[in-house]
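K.L.:
Before I ask anything, here is the structure I am working with.
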Amino acid sequence: MTNEHPMKGVVPISFYEPQRLPHYPTDVPAHDSFGRRIDYLRVSLTDRCNMRCVYCMPAMGMRFQPRPELLTNDELLLVVRAAAAAGFRKLRLTGGEPTLRQDLVELIRAMKAIPGIEQIALTTNALRLRRLAAPLKAAGLDRVNISIDSLDPVKFRQMTRGGNLDEVWAGIRAADEAGLHPIKLNAVVVRGMNDDEVVQLAALTTQHPWEFRFIEVMPLTGVAGLAEEGVVSTAELIARIEAHFGPLIPYGQDPADPARRYRIQGAPGKLGFISAVTDPFCATCNRMRLTADGRLHLCLLRDDEVDLRAAIRAGATQAEVEQLIRHAVQLKPWGHGLPEGVLPTLRGMSELGG
Ligand code: SAM
Ligand code: SF4
């Protein structure tokens with residue numbers, strides 16, 4: 001169950017005593033205390049979803065944030081303006097399912113107009129993309145990542161607890177036609193569920209210029225048990241794919257991208273492997289997350305947060321929110337504690353957006 005201890009893990013900064021915060025210079029982009037440039041904000045627009053994927057939400061006991069707890073559009077835009085002033089350049093809108101957010105098109109248009117924001121991406125289950133892809137592109141959305149865990153409609157329905165695979169394909173086609181390129185597809189690989197499909201999923205890149213990304217299950221609240229038994233390591237996935245297609249060819253690595261990228265010989269598309277558990281990428285981490293209820297979540301797999309919503313609702317100016325964001329960047333931990341057995345306890349993936 002999520003949301004049981006809403007204050008647990010919140011970094012105890014009192015905005016009512018802003019003089020206790022150091023003042024950060026505003027003429028340089030935010031770097032954390034380890035020298036990493038943090039310029040990528042993943043924004044969860046809602047914790048709600050129209051699917052219930054087995055690795056993301058528990059089957060029972062989900063409780064969702066009441067609407068007044070969520071940042072309004074004006075509050076969100078204030079945070080994004082302050083983040084852009086602190087040097088953030090890239091946004092990813094996620095959830096829950098971000099396409100459930102009302103006024104998504106208008107929100108993207110307003111975000112794209114903020115000076116400093118260079119790129120906006122969306123991570124979606126694509127159930128609502130058939131109709132939304134074109135207006136989202138027109139509003140300024142640059143590209144999409146779409147989750148598709150199985151090519152078998154029955155298994156897809158089981159893994160997502162109700163998802164309709166035909167709608168997802170319609171969404172992928174609409175994204176393609178709208179020019180939301182490059183299209184990236186994501187599959188969380190769960191042993192005993194879809195690990196027998198990795199070759200077919202990888203084969204999509206031999207027909208399309210898409211990047212197909214295989215993601216290891218991470219032990220977030222509500223599904224940690226699944227992660228214990230369900231993780232299929234990247235090494236094992238690569239071995240299975242290479243047994244079918246021959247040696248994979250390493251493809252230019254982007255240091256800010258957690259995916260290790262390869263290509264099947266002769267394929268127009270690429271493969272990506274995201275292995276937070278068996279091969280962490282903390283050294284090149286460039287990101288922070290904003291929860292739908294207005295907390296900066298400093299590391300996906302830790303509980304530490306800084307509460308922006310309290311500051312905003314107490315009347316903070318954009319400059320003050322920028323200082324709080326710069327402070328949060330300073331507090332960002334080096335990396336997750338999974339090797340030492342430290343698990344996140346506060347929030348599920350559906351609140352953090354991946
Ligand atoms: N609803 C959208 C979707 O599914 O694409 C966006 C939100 S979802 C939480 C973002 C990403 O997190 C998806 O690619 C999803 O597969 C991934 N994800 C969810 N739970 C996960 C887990 N326990 N481990 C690894 N990835 C997970
Ligand atoms: Fe919903 Fe995305 Fe989580 Fe699946 S992974 S339940 S689509 S938020």
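We label chains A, B, ... in the order they appear in the structure tokens, count residues from 1 in each chain, and number ligands from 1 in the order shown.
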If we count only C-alpha atoms, what is near segment 285-295 of chain A at a cut-off of 8 Å, once residues fewer than 2 positions away on the same chain are taken out, given as an NGL selection string?

P.N.:
:A and (36-47 or 65 or 69-71 or 95 or 256 or 258 or 281-283 or 297-300 or 305-309 or 329 or 351-352)

K.L.:
Produce a file of the selected residues containing C-alpha atoms, as a short mmCIF file (atom, residue, chain, number, x, y, z; two decimals), in the first residue's frame.

P.N.:
data_model
loop_
_atom_site.label_atom_id
_atom_site.label_comp_id
_atom_site.auth_asym_id
_atom_site.auth_seq_id
_atom_site.Cartn_x
_atom_site.Cartn_y
_atom_site.Cartn_z
CA ARG A 36 26.97 16.20 -11.37
CA ARG A 37 25.06 18.65 -13.52
CA ILE A 38 21.36 18.09 -12.79
CA ASP A 39 19.31 19.37 -15.71
CA TYR A 40 16.57 16.81 -16.29
CA LEU A 41 13.26 16.97 -14.40
CA ARG A 42 10.82 14.10 -14.56
CA VAL A 43 7.39 15.44 -13.71
CA SER A 44 4.67 13.12 -12.44
CA LEU A 45 1.37 14.71 -13.48
CA THR A 46 -0.86 12.29 -11.58
CA ASP A 47 -0.56 9.14 -9.49
CA GLN A 65 -3.98 11.46 -3.75
CA GLU A 69 -3.09 17.52 -2.84
CA LEU A 70 -1.87 17.70 -6.45
CA LEU A 71 -0.08 20.72 -7.86
CA GLY A 95 2.74 9.51 -13.90
CA ALA A 256 23.07 11.03 -19.58
CA PRO A 258 20.82 5.12 -18.30
CA PHE A 281 24.28 4.18 -13.46
CA CYS A 282 24.33 6.58 -10.50
CA ALA A 283 27.69 8.13 -11.50
CA HIS A 297 12.20 13.27 -5.01
CA LEU A 298 15.98 13.27 -5.01
CA CYS A 299 16.79 9.67 -6.05
CA LEU A 300 14.33 7.19 -7.54
CA GLU A 305 12.30 14.56 -0.69
CA VAL A 306 12.06 18.33 -0.54
CA ASP A 307 8.59 19.81 -0.26
CA LEU A 308 8.02 22.54 -2.86
CA ARG A 309 4.26 22.59 -2.54
CA VAL A 329 20.07 19.48 -5.96
CA GLU A 351 3.83 8.06 -7.92
CA LEU A 352 7.37 8.55 -9.17
#

K.L.:
Kindly assemble as a Markdown table a list of the segment 90-202 of chain A residues that lie within 12 Å of segment 244-251 of chain A, each paired with its nearest atom pair and their distance in Å to one decimal, using only C-alpha atoms, sorted first by chain and then by ascending residue number.

P.N.:
| residue | atom | partner | partner_atom | distance |
| --- | --- | --- | --- | --- |
| A:Val198 | CA | A:His244 | CA | 10.4 |
| A:Val199 | CA | A:His244 | CA | 7.2 |
| A:Gln200 | CA | A:His244 | CA | 10.0 |
| A:Ala202 | CA | A:Phe245 | CA | 9.5 |

K.L.:
Just want the 10 Å neighbourhood of Val79 of chain A, counted on only C-alpha atoms, with same-chain residues fewer than 2 positions away dropped. Output as a PyMOL selection string.

P.N.:
chain A and resi 71+73-77+81-85+290+294+308-309+312+318+321-322+325

K.L.:
Please list as an MDAnalysis selection string every residue within 9 Å of Val168 of chain A, counting only C-alpha atoms and excluding residues in the same chain fewer than 5 positions away.

P.N.:
chainID A and resid 125:130 146:148 163 173

K.L.:
Can you work out which residues are within 9 Å of ligand 2, considering only C-alpha atoms and all ligand atoms, and then hand them over as a VMD selection string?

P.N.:
chain A and resid 47 to 57 94 to 98 123 to 127 147 159 to 161 163 188 348 to 354

K.L.:
For the selection just defined, write its residues with C-alpha atoms to a file, as a PDB file, in the first residue's frame.

P.N.:
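Result went into result.pdb, see below:
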ATOM      1  CA  ASP A  47      -0.563   9.137  -9.490  1.00  0.00           C
ATOM      2  CA  ARG A  48      -3.679   7.701 -11.174  1.00  0.00           C
ATOM      3  CA  CYS A  49      -3.665   5.263 -14.032  1.00  0.00           C
ATOM      4  CA  ASN A  50      -6.009   3.450 -16.408  1.00  0.00           C
ATOM      5  CA  MET A  51      -3.930   0.255 -16.072  1.00  0.00           C
ATOM      6  CA  ARG A  52      -2.586  -1.671 -13.082  1.00  0.00           C
ATOM      7  CA  CYS A  53       0.691  -3.214 -14.244  1.00  0.00           C
ATOM      8  CA  VAL A  54       1.827  -6.034 -11.988  1.00  0.00           C
ATOM      9  CA  TYR A  55       5.313  -4.540 -11.446  1.00  0.00           C
ATOM     10  CA  CYS A  56       4.009  -1.042 -10.714  1.00  0.00           C
ATOM     11  CA  MET A  57       0.887  -1.206  -8.561  1.00  0.00           C
ATOM     12  CA  THR A  94       5.009  10.879 -16.612  1.00  0.00           C
ATOM     13  CA  GLY A  95       2.738   9.506 -13.899  1.00  0.00           C
ATOM     14  CA  GLY A  96       0.732   7.405 -13.145  1.00  0.00           C
ATOM     15  CA  GLU A  97      -0.623   7.875 -16.616  1.00  0.00           C
ATOM     16  CA  PRO A  98       0.127  11.468 -17.711  1.00  0.00           C
ATOM     17  CA  THR A 123       6.212   8.429 -20.988  1.00  0.00           C
ATOM     18  CA  THR A 124       2.817   6.833 -21.540  1.00  0.00           C
ATOM     19  CA  ASN A 125       0.984   3.542 -21.767  1.00  0.00           C
ATOM     20  CA  ALA A 126      -0.458   4.922 -25.057  1.00  0.00           C
ATOM     21  CA  LEU A 127      -4.076   3.952 -24.337  1.00  0.00           C
ATOM     22  CA  SER A 147       5.286   0.937 -22.496  1.00  0.00           C
ATOM     23  CA  MET A 159       0.485  -8.034 -17.059  1.00  0.00           C
ATOM     24  CA  THR A 160      -1.292  -4.697 -17.203  1.00  0.00           C
ATOM     25  CA  ARG A 161      -4.414  -6.037 -15.460  1.00  0.00           C
ATOM     26  CA  GLY A 163      -4.781  -3.133 -20.919  1.00  0.00           C
ATOM     27  CA  VAL A 188       9.762  -4.263 -17.937  1.00  0.00           C
ATOM     28  CA  GLY A 348       5.422   3.312  -5.494  1.00  0.00           C
ATOM     29  CA  MET A 349       6.576   3.692  -9.097  1.00  0.00           C
ATOM     30  CA  SER A 350       3.131   4.985 -10.080  1.00  0.00           C
ATOM     31  CA  GLU A 351       3.830   8.057  -7.923  1.00  0.00           C
ATOM     32  CA  LEU A 352       7.373   8.552  -9.169  1.00  0.00           C
ATOM     33  CA  GLY A 353       7.029   8.037 -12.891  1.00  0.00           C
ATOM     34  CA  GLY A 354       9.950   5.705 -13.520  1.00  0.00           C
TER      35      GLY A 354
END

K.L.:
Have a look at atom CA of Val190 of chain A and atom CA of Val232 of chain A and let me know their distance in Å, one decimal.

P.N.:
6.6 Å
